[in-house]
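To start, the structure itself, in structure tokens.
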Amino acid sequence: MQDVYNIIEERKDIYLEWLRKLCMQPSVAAQDRGMSETAAMVEQMLKDIGADVKQIPTAGYPVVYGEISGKSNRTLSF
């Protein structure tokens with residue numbers, strides 16, 4: 001687990017920048033404001049780290065799905 005903590009610490013500046021950008025992007029579902037723009041931002045962020053990404057249309061707002069294959073047979077989903 002220490003390896004994970006080390007990677008997080010090494011990359012914390014970029015992670016904080018991503019969080020800052022997402023927090024600055026207006027996205028209010030109840031007002032139908034900025035949802036597609038935010039989905040596009042998340043899609044691009046995932047592409048930038050090498051994920052295979054697609055937006056899945058729904059009756060409401062799209063779901064952004066990204067997958068990064070690794071060496072483990074474990075799955076992390078959020």
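We name chains A, B, ... following the order of the structure tokens; residues begin at 1 in each chain, and ligands are numbered from 1 as shown.
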**Item:** Spatial neighbours of stretch 37-50 of chain A, max dist 12 Å, only C-alpha atoms, sep filter under 3 positions, as JSON, numbers by chain
**Value:** {"A": [14, 15, 17, 18, 19, 21, 22, 23, 24, 25, 26, 27, 28, 29, 32, 33, 34, 53, 54, 55, 56, 57, 61, 62, 63, 64, 65, 66, 67, 68, 69, 70]}
Write down as a ChimeraX atom specification the residues of stretch 25-66 of chain A whose backbone DSSP state falls under alpha helix (DSSP H).
/A:35-48
Save out the residues we just selected, C-alpha atoms, as an mmCIF file, in the first residue's frame.
data_model
loop_
_atom_site.group_PDB
_atom_site.id
_atom_site.type_symbol
_atom_site.label_atom_id
_atom_site.label_comp_id
_atom_site.auth_asym_id
_atom_site.auth_seq_id
_atom_site.Cartn_x
_atom_site.Cartn_y
_atom_site.Cartn_z
ATOM 1 C CA MET A 35 -23.552 18.705 -17.724
ATOM 2 C CA SER A 36 -22.399 17.833 -21.250
ATOM 3 C CA GLU A 37 -19.402 20.174 -20.901
ATOM 4 C CA THR A 38 -18.391 18.493 -17.638
ATOM 5 C CA ALA A 39 -18.811 15.047 -19.171
ATOM 6 C CA ALA A 40 -16.549 16.152 -22.030
ATOM 7 C CA MET A 41 -13.945 17.380 -19.510
ATOM 8 C CA VAL A 42 -13.976 14.068 -17.645
ATOM 9 C CA GLU A 43 -13.783 12.176 -20.940
ATOM 10 C CA GLN A 44 -10.723 14.186 -21.999
ATOM 11 C CA MET A 45 -9.027 13.787 -18.609
ATOM 12 C CA LEU A 46 -9.432 10.020 -18.865
ATOM 13 C CA LYS A 47 -8.118 9.996 -22.433
ATOM 14 C CA ASP A 48 -5.117 12.046 -21.308
#
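All residues of chain A that DSSP, run on the backbone, classes as strand (DSSP E or B) are Val28, Arg33, Asp52, Val53, Lys54, Gln55, Ile56, Val63, Val64, Tyr65, Gly66 and Glu67 of chain A.
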Atom CA of A:Ser77 to atom CA of A:Met1 measures 17.8 Å
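The interatomic distance for the pair atom CA of A:Leu76 and atom CA of A:Ala51 works out to 13.3 Å.
Using only C-alpha atoms, the nearest neighbour of A:Ala30 within the list A:Asp13, A:Gly60, A:Ser72, A:Asp3 is A:Gly60.
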